[in-house]
$ cat model.txt   # compact mmCIF, C-alpha atoms and all ligand atoms
# COMPACT_ATOMS: atom_id res chain seq x y z
CA MET A 213 81.08 65.26 113.32
CA LYS A 214 83.84 64.85 115.93
CA LEU A 215 84.60 61.34 117.13
CA SER A 216 83.72 60.23 120.65
CA THR A 217 86.73 59.66 122.92
CA PRO A 218 86.51 55.82 122.69
CA GLU A 219 86.40 55.88 118.89
CA PHE A 220 89.15 58.51 118.72
CA ARG A 221 91.37 56.18 120.79
CA ALA A 222 90.41 53.14 118.70
CA MET A 223 91.36 55.00 115.50
CA GLN A 224 94.93 55.49 116.83
CA SER A 225 95.33 51.82 117.73
CA LEU A 226 97.62 49.24 116.14
CA PRO A 227 94.72 46.95 115.12
CA ARG A 228 93.21 49.88 113.17
CA LYS A 229 96.48 50.48 111.34
CA TRP A 230 96.92 46.76 110.74
CA GLY A 231 93.48 46.52 109.13
CA GLN A 232 94.08 49.56 106.96
CA CYS A 233 97.51 48.31 105.81
CA TYR A 234 96.97 44.58 105.32
CA PHE A 235 93.31 44.36 104.47
CA GLU A 236 91.74 47.60 103.22
CA MET A 237 94.54 48.93 101.01
CA PRO A 238 95.15 45.56 99.29
CA MET A 239 91.41 45.27 98.71
CA PHE A 240 91.26 48.75 97.14
CA GLN A 241 94.21 47.81 94.93
CA ARG A 242 92.45 44.63 93.83
CA MET A 243 89.48 46.86 92.96
CA GLY A 244 91.67 48.93 90.63
CA MET A 245 93.27 51.64 92.78
CA ASN A 246 96.10 53.22 90.80
CA LEU A 247 97.48 56.51 92.13
CA GLN A 248 100.55 56.80 89.94
CA ASN A 249 100.90 60.45 88.93
CA LYS A 250 97.37 61.26 90.20
CA ASP A 251 96.06 64.17 92.30
CA VAL A 252 94.61 62.52 95.38
CA LEU A 253 92.30 63.84 98.09
CA GLU A 254 91.67 61.82 101.25
CA ILE A 255 88.48 62.61 103.13
CA GLY A 256 88.50 62.21 106.93
CA CYS A 257 92.20 61.35 107.02
CA GLY A 258 92.23 61.06 110.81
CA SER A 259 95.73 60.97 112.29
CA GLY A 260 97.34 60.50 108.88
CA TYR A 261 98.20 56.83 108.50
CA GLY A 262 96.25 56.70 105.23
CA ALA A 263 98.64 59.29 103.79
CA GLN A 264 101.55 56.99 104.53
CA LEU A 265 99.84 54.08 102.77
CA LEU A 266 98.52 56.04 99.80
CA SER A 267 101.89 57.73 99.20
CA GLN A 268 103.42 54.29 98.57
CA LEU A 269 101.40 54.24 95.32
CA HIS A 270 103.28 57.35 94.07
CA PRO A 271 100.56 59.99 93.57
CA LYS A 272 101.47 63.30 91.94
CA SER A 273 99.93 65.13 94.91
CA TYR A 274 98.19 64.19 98.14
CA ILE A 275 96.10 66.25 100.54
CA GLY A 276 94.24 64.88 103.54
CA LEU A 277 91.40 66.70 105.25
CA ASP A 278 89.55 66.11 108.49
CA VAL A 279 87.02 68.12 110.46
CA MET A 280 88.77 67.40 113.81
CA GLU A 281 91.60 69.73 114.74
CA GLU A 282 92.96 67.06 117.13
CA GLN A 283 93.30 64.55 114.28
CA ILE A 284 95.03 67.01 111.96
CA ALA A 285 97.42 68.06 114.75
CA LEU A 286 98.40 64.39 115.21
CA ALA A 287 98.71 63.87 111.45
CA GLN A 288 100.97 66.92 111.06
CA THR A 289 103.17 65.77 113.95
CA GLN A 290 103.46 62.14 112.83
CA TYR A 291 103.69 62.68 109.08
CA PRO A 292 105.11 66.20 108.50
CA GLN A 293 106.02 65.29 104.92
CA PHE A 294 102.34 65.28 103.86
CA GLN A 295 99.76 68.06 103.54
CA PHE A 296 96.75 68.02 105.88
CA ILE A 297 94.01 70.59 106.49
CA VAL A 298 91.18 71.04 108.97
CA GLN A 299 88.12 71.03 106.72
CA GLY A 300 84.62 69.57 106.69
CA THR A 301 83.60 67.64 103.58
CA GLU A 302 80.22 69.32 103.26
CA ASP A 303 81.91 72.40 101.75
CA LEU A 304 84.96 71.69 99.62
CA GLY A 305 85.02 75.25 98.27
CA HIS A 306 88.78 75.18 98.92
CA PHE A 307 89.07 72.83 95.90
CA PRO A 308 88.14 73.77 92.32
CA THR A 309 85.58 71.73 90.40
CA ALA A 310 87.11 68.76 88.52
CA SER A 311 90.49 69.12 90.22
CA LYS A 312 91.10 65.63 91.70
CA ASP A 313 91.81 62.34 89.92
CA VAL A 314 91.10 60.18 92.95
CA VAL A 315 89.20 60.69 96.21
CA VAL A 316 89.68 58.14 99.00
CA ILE A 317 87.47 57.56 102.05
CA PHE A 318 88.35 55.15 104.85
CA GLY A 319 85.09 55.04 106.82
CA VAL A 320 83.89 58.64 107.17
CA LEU A 321 80.49 59.28 105.55
CA HIS A 322 78.62 57.54 108.38
CA HIS A 323 79.99 60.28 110.69
CA ILE A 324 78.54 63.13 108.65
CA PRO A 325 74.92 64.09 109.42
CA ASN A 326 74.53 65.71 105.97
CA TRP A 327 76.46 62.96 104.18
CA ARG A 328 74.61 63.55 100.87
CA LYS A 329 75.99 67.10 100.73
CA ALA A 330 79.48 65.66 101.34
CA VAL A 331 79.04 63.18 98.48
CA ASN A 332 77.78 66.01 96.22
CA GLU A 333 80.97 67.95 96.95
CA ILE A 334 83.17 64.91 96.30
CA ALA A 335 81.43 64.38 92.95
CA ARG A 336 82.03 68.03 92.10
CA VAL A 337 85.78 68.00 92.79
CA LEU A 338 86.37 64.72 90.91
CA LYS A 339 87.62 65.07 87.35
CA PRO A 340 85.51 63.40 84.65
CA GLY A 341 86.68 59.77 84.59
CA GLY A 342 88.07 60.15 88.12
CA SER A 343 87.72 57.49 90.83
CA LEU A 344 86.26 57.44 94.30
CA PHE A 345 87.44 54.59 96.52
CA LEU A 346 85.38 54.36 99.67
CA GLU A 347 84.63 52.01 102.50
CA GLU A 348 81.77 52.31 104.96
CA PRO A 349 80.05 50.05 107.48
CA ARG A 350 76.44 48.98 107.02
CA GLY A 351 73.85 50.92 109.05
CA VAL A 352 73.09 47.82 111.14
CA ASP A 353 76.78 47.36 112.03
CA ILE A 354 77.03 50.97 113.20
CA LYS A 355 74.20 50.29 115.66
CA VAL A 356 75.92 47.10 116.91
CA PHE A 357 79.19 49.01 117.45
CA ASP A 358 77.38 51.74 119.37
CA ALA A 359 75.60 49.18 121.55
CA PHE A 360 78.82 47.31 122.45
CA PHE A 361 81.53 49.98 122.37
CA ARG A 362 79.49 53.21 122.95
CA TRP A 363 81.16 54.97 120.03
CA GLY A 364 78.19 57.34 119.73
CA HIS A 365 77.80 57.73 115.98
CA PRO A 366 75.46 60.50 114.82
CA ASP A 367 71.84 59.49 114.30
CA THR A 368 71.58 59.75 110.50
CA ASP A 369 69.78 57.92 107.71
CA PHE A 370 73.15 56.76 106.36
CA GLY A 371 73.08 53.22 104.98
CA LEU A 372 74.50 51.45 101.96
CA LYS A 373 71.18 51.38 100.06
CA ALA A 374 70.78 55.12 100.54
CA LEU A 375 74.42 55.63 99.56
CA ASP A 376 74.03 53.56 96.37
CA ALA A 377 70.89 55.49 95.45
CA HIS A 378 72.59 58.84 95.98
CA LEU A 379 75.71 57.89 94.00
CA THR A 380 73.52 56.74 91.13
CA GLN A 381 71.36 59.86 91.29
CA LEU A 382 74.52 61.97 90.87
CA GLY A 383 75.43 60.01 87.72
CA LEU A 384 78.34 58.24 89.41
CA ILE A 385 78.95 54.63 88.42
CA ILE A 386 79.56 51.87 90.98
CA ARG A 387 82.24 49.79 89.20
CA ALA A 388 82.89 47.39 92.07
CA LYS A 389 81.34 46.76 95.46
CA GLN A 390 82.74 44.20 97.88
CA TRP A 391 81.11 43.27 101.18
CA THR A 392 83.38 42.30 104.08
CA PRO A 393 82.35 41.58 107.69
CA LEU A 394 83.10 45.10 108.99
CA LEU A 395 83.13 47.33 105.93
CA THR A 396 81.79 47.42 102.40
CA MET A 397 84.35 48.64 99.87
CA TYR A 398 83.50 50.55 96.68
CA HIS A 399 85.17 51.69 93.51
CA VAL A 400 83.03 54.43 91.98
CA THR A 401 83.81 56.50 88.91
CA LYS A 402 82.61 59.80 87.51
CA GLY A 403 81.58 58.68 84.06
C1 LIG A 501 86.09 56.49 111.76
S1 LIG A 501 87.22 57.81 111.65
C2 LIG A 501 88.28 57.24 110.34
C3 LIG A 501 89.62 57.91 110.38
C4 LIG A 501 90.60 57.36 109.33
N1 LIG A 501 90.08 57.58 107.98
C5 LIG A 501 90.83 55.89 109.56
O1 LIG A 501 90.38 55.08 108.75
O2 LIG A 501 91.46 55.53 110.54
C6 LIG A 501 86.24 59.05 110.82
C7 LIG A 501 87.01 60.35 110.59
O3 LIG A 501 86.15 61.24 109.87
C8 LIG A 501 86.33 62.54 110.39
N2 LIG A 501 85.14 63.34 110.05
C9 LIG A 501 83.93 63.32 110.63
N3 LIG A 501 83.10 64.19 110.04
C10 LIG A 501 83.81 64.75 109.02
C11 LIG A 501 83.50 65.72 108.03
N4 LIG A 501 82.29 66.30 107.98
N5 LIG A 501 84.47 66.05 107.14
C12 LIG A 501 85.70 65.48 107.21
N6 LIG A 501 86.05 64.58 108.14
C13 LIG A 501 85.11 64.20 109.04
C14 LIG A 501 86.54 62.31 111.88
O4 LIG A 501 87.12 63.41 112.52
C15 LIG A 501 87.42 61.07 111.87
O5 LIG A 501 88.78 61.40 111.83

$ encode --input "model.txt" --output "structure tokens"
Amino acid sequence: MKLSTPEFRAMQSLPRKWGQCYFEMPMFQRMGMNLQNKDVLEIGCGSGYGAQLLSQLHPKSYIGLDVMEEQIALAQTQYPQFQFIVQGTEDLGHFPTASKDVVVIFGVLHHIPNWRKAVNEIARVLKPGGSLFLEEPRGVDIKVFDAFFRWGHPDTDFGLKALDAHLTQLGLIIRAKQWTPLLTMYHVTKG
């Protein structure tokens, strides 16, 4: 689902980039992120800053997708050296089964009404043994953000318990899970 205007603005802000660079990426690396020579897909890449950070870990290939044309237009303008496409995660038919070594999500599933379908697609495109690094807020924190900042998240049943249950049901393995005040970070593998 498209972001509200306040959240869209917040996602372009310096504090957002600061958090992604100095807190979230180092945490993913401590949880085992290794992109050297890997085919990487970033889900909900927004305006592209994640591409800049992930490329520093020397992947073989990188592609970022986002459902918002406005985000992809910004990403293509700011980071023309990377590949971005307008694409919803619920149908990744563009990507063959078992074609990606690593999928990365910086806070996106809680924006997708049919987030289970999105996770099913991510599991499909991951290679056996591949990794999913994801971070999402808890359901309760999403409600607090909406009350204070009026970010207008979709009304879904997304929550970390439901996410854990769905990952497990798909046969994915939660290798590491780290709670932080705003986001919970995961390293999940396919087998
Ligand atoms: C909270 S923003 C995070 C953006 C960026 N990953 C970051 O950390 O700054 C969520 C992003 O998910 C995108 N999004 C929402 N629904 C989506 C979907 N179904 N498929 C792909 N991207 C989606 C939004 O357009 C937005 O750019």

$ residues_near_point --input "model.txt" --point "(97.1, 47.2, 109.0)" --cutoff "12 Å" --atoms "all atoms listed in the file" --output "tab-separated table (two decimals) with C-alpha atoms, in the coordinates of the input"
chain	number	residue	atom	x	y	z
A	223	MET	CA	91.36	55.00	115.50
A	224	GLN	CA	94.93	55.49	116.83
A	225	SER	CA	95.33	51.82	117.73
A	226	LEU	CA	97.62	49.24	116.14
A	227	PRO	CA	94.72	46.95	115.12
A	228	ARG	CA	93.21	49.88	113.17
A	229	LYS	CA	96.48	50.48	111.34
A	230	TRP	CA	96.92	46.76	110.74
A	231	GLY	CA	93.48	46.52	109.13
A	232	GLN	CA	94.08	49.56	106.96
A	233	CYS	CA	97.51	48.31	105.81
A	234	TYR	CA	96.97	44.58	105.32
A	235	PHE	CA	93.31	44.36	104.47
A	236	GLU	CA	91.74	47.60	103.22
A	237	MET	CA	94.54	48.93	101.01
A	238	PRO	CA	95.15	45.56	99.29
A	239	MET	CA	91.41	45.27	98.71
A	261	TYR	CA	98.20	56.83	108.50
A	262	GLY	CA	96.25	56.70	105.23
A	264	GLN	CA	101.55	56.99	104.53
A	265	LEU	CA	99.84	54.08	102.77

$ residues_near_point --input "model.txt" --point "(91.3, 57.3, 90.3)" --cutoff "9 Å" --atoms "all atoms listed in the file" --output "list of chain:residue names"
A:Gly244, A:Met245, A:Asn246, A:Leu247, A:Lys250, A:Asp251, A:Val252, A:Lys312, A:Asp313, A:Val314, A:Val315, A:Val316, A:Leu338, A:Gly341, A:Gly342, A:Ser343, A:Leu344, A:Phe345, A:His399, A:Val400, A:Thr401

$ atom_distance --input "model.txt" --atom1 "atom CA of A:Pro292" --atom2 "atom CA of A:Gly260"
9.6 Å

$ residues_around --input "model.txt" --residues "stretch 280-287 of chain A" --least-positions-apart "3" --cutoff "6 Å" --atoms "only C-alpha atoms" --output "PyMOL selection string"
chain A and resi 214+258-260+290-291+298

$ atom_distance --input "model.txt" --atom1 "atom CA of A:Gln381" --atom2 "atom CA of A:Ile354"
24.3 Å

$ atom_distance --input "model.txt" --atom1 "atom CA of A:Asp358" --atom2 "atom CA of A:Val320"
15.5 Å

$ build_atoms --input "model.txt" --residues "stretch 307-328 of chain A" --atoms "N, CA, C and O atoms" --output "compact mmCIF listing (two decimals), keeping the file's coordinate frame"
# COMPACT_ATOMS: atom_id res chain seq x y z
N PHE A 307 88.58 73.58 97.06
CA PHE A 307 89.07 72.83 95.90
C PHE A 307 88.24 73.15 94.66
O PHE A 307 87.01 73.06 94.70
N PRO A 308 88.90 73.49 93.55
CA PRO A 308 88.14 73.77 92.32
C PRO A 308 87.38 72.54 91.82
O PRO A 308 87.74 71.41 92.11
N THR A 309 86.34 72.80 91.07
CA THR A 309 85.58 71.73 90.40
C THR A 309 86.52 70.96 89.47
O THR A 309 87.39 71.54 88.83
N ALA A 310 86.34 69.64 89.42
CA ALA A 310 87.11 68.76 88.52
C ALA A 310 88.62 68.93 88.70
O ALA A 310 89.36 69.09 87.73
N SER A 311 89.06 68.92 89.96
CA SER A 311 90.49 69.12 90.22
C SER A 311 91.21 67.88 90.76
O SER A 311 92.42 67.89 90.91
N LYS A 312 90.47 66.80 91.08
CA LYS A 312 91.10 65.63 91.70
C LYS A 312 90.87 64.38 90.83
O LYS A 312 89.75 64.13 90.37
N ASP A 313 91.94 63.61 90.66
CA ASP A 313 91.81 62.34 89.92
C ASP A 313 91.17 61.26 90.78
O ASP A 313 90.43 60.41 90.27
N VAL A 314 91.56 61.25 92.06
CA VAL A 314 91.10 60.18 92.95
C VAL A 314 90.74 60.77 94.31
O VAL A 314 91.50 61.58 94.86
N VAL A 315 89.58 60.36 94.83
CA VAL A 315 89.20 60.69 96.21
C VAL A 315 89.11 59.37 96.97
O VAL A 315 88.60 58.38 96.44
N VAL A 316 89.65 59.37 98.19
CA VAL A 316 89.68 58.14 99.00
C VAL A 316 89.00 58.40 100.34
O VAL A 316 89.23 59.45 100.96
N ILE A 317 88.16 57.46 100.76
CA ILE A 317 87.47 57.56 102.05
C ILE A 317 87.63 56.25 102.80
O ILE A 317 87.14 55.21 102.36
N PHE A 318 88.29 56.31 103.95
CA PHE A 318 88.35 55.15 104.85
C PHE A 318 87.33 55.39 105.98
O PHE A 318 87.69 55.96 107.03
N GLY A 319 86.07 55.03 105.75
CA GLY A 319 85.09 55.04 106.82
C GLY A 319 84.77 56.39 107.44
O GLY A 319 85.08 56.62 108.61
N VAL A 320 84.13 57.27 106.68
CA VAL A 320 83.89 58.64 107.17
C VAL A 320 82.44 59.09 106.98
O VAL A 320 81.88 59.76 107.86
N LEU A 321 81.82 58.72 105.87
CA LEU A 321 80.49 59.28 105.55
C LEU A 321 79.48 59.02 106.66
O LEU A 321 78.60 59.85 106.92
N HIS A 322 79.59 57.86 107.33
CA HIS A 322 78.62 57.54 108.38
C HIS A 322 78.77 58.44 109.60
O HIS A 322 77.98 58.37 110.52
N HIS A 323 79.80 59.30 109.61
CA HIS A 323 79.99 60.28 110.69
C HIS A 323 79.42 61.65 110.33
O HIS A 323 79.50 62.57 111.14
N ILE A 324 78.93 61.80 109.12
CA ILE A 324 78.54 63.13 108.65
C ILE A 324 77.02 63.22 108.57
O ILE A 324 76.40 62.54 107.73
N PRO A 325 76.39 64.03 109.45
CA PRO A 325 74.92 64.09 109.42
C PRO A 325 74.39 64.40 108.01
O PRO A 325 73.49 63.73 107.53
N ASN A 326 74.98 65.40 107.33
CA ASN A 326 74.53 65.71 105.97
C ASN A 326 75.49 65.04 104.97
O ASN A 326 76.19 65.70 104.19
N TRP A 327 75.49 63.69 105.00
CA TRP A 327 76.46 62.96 104.18
C TRP A 327 76.18 63.12 102.68
O TRP A 327 77.11 63.06 101.87
N ARG A 328 74.91 63.37 102.31
CA ARG A 328 74.61 63.55 100.87
C ARG A 328 75.31 64.81 100.34
O ARG A 328 75.82 64.82 99.23
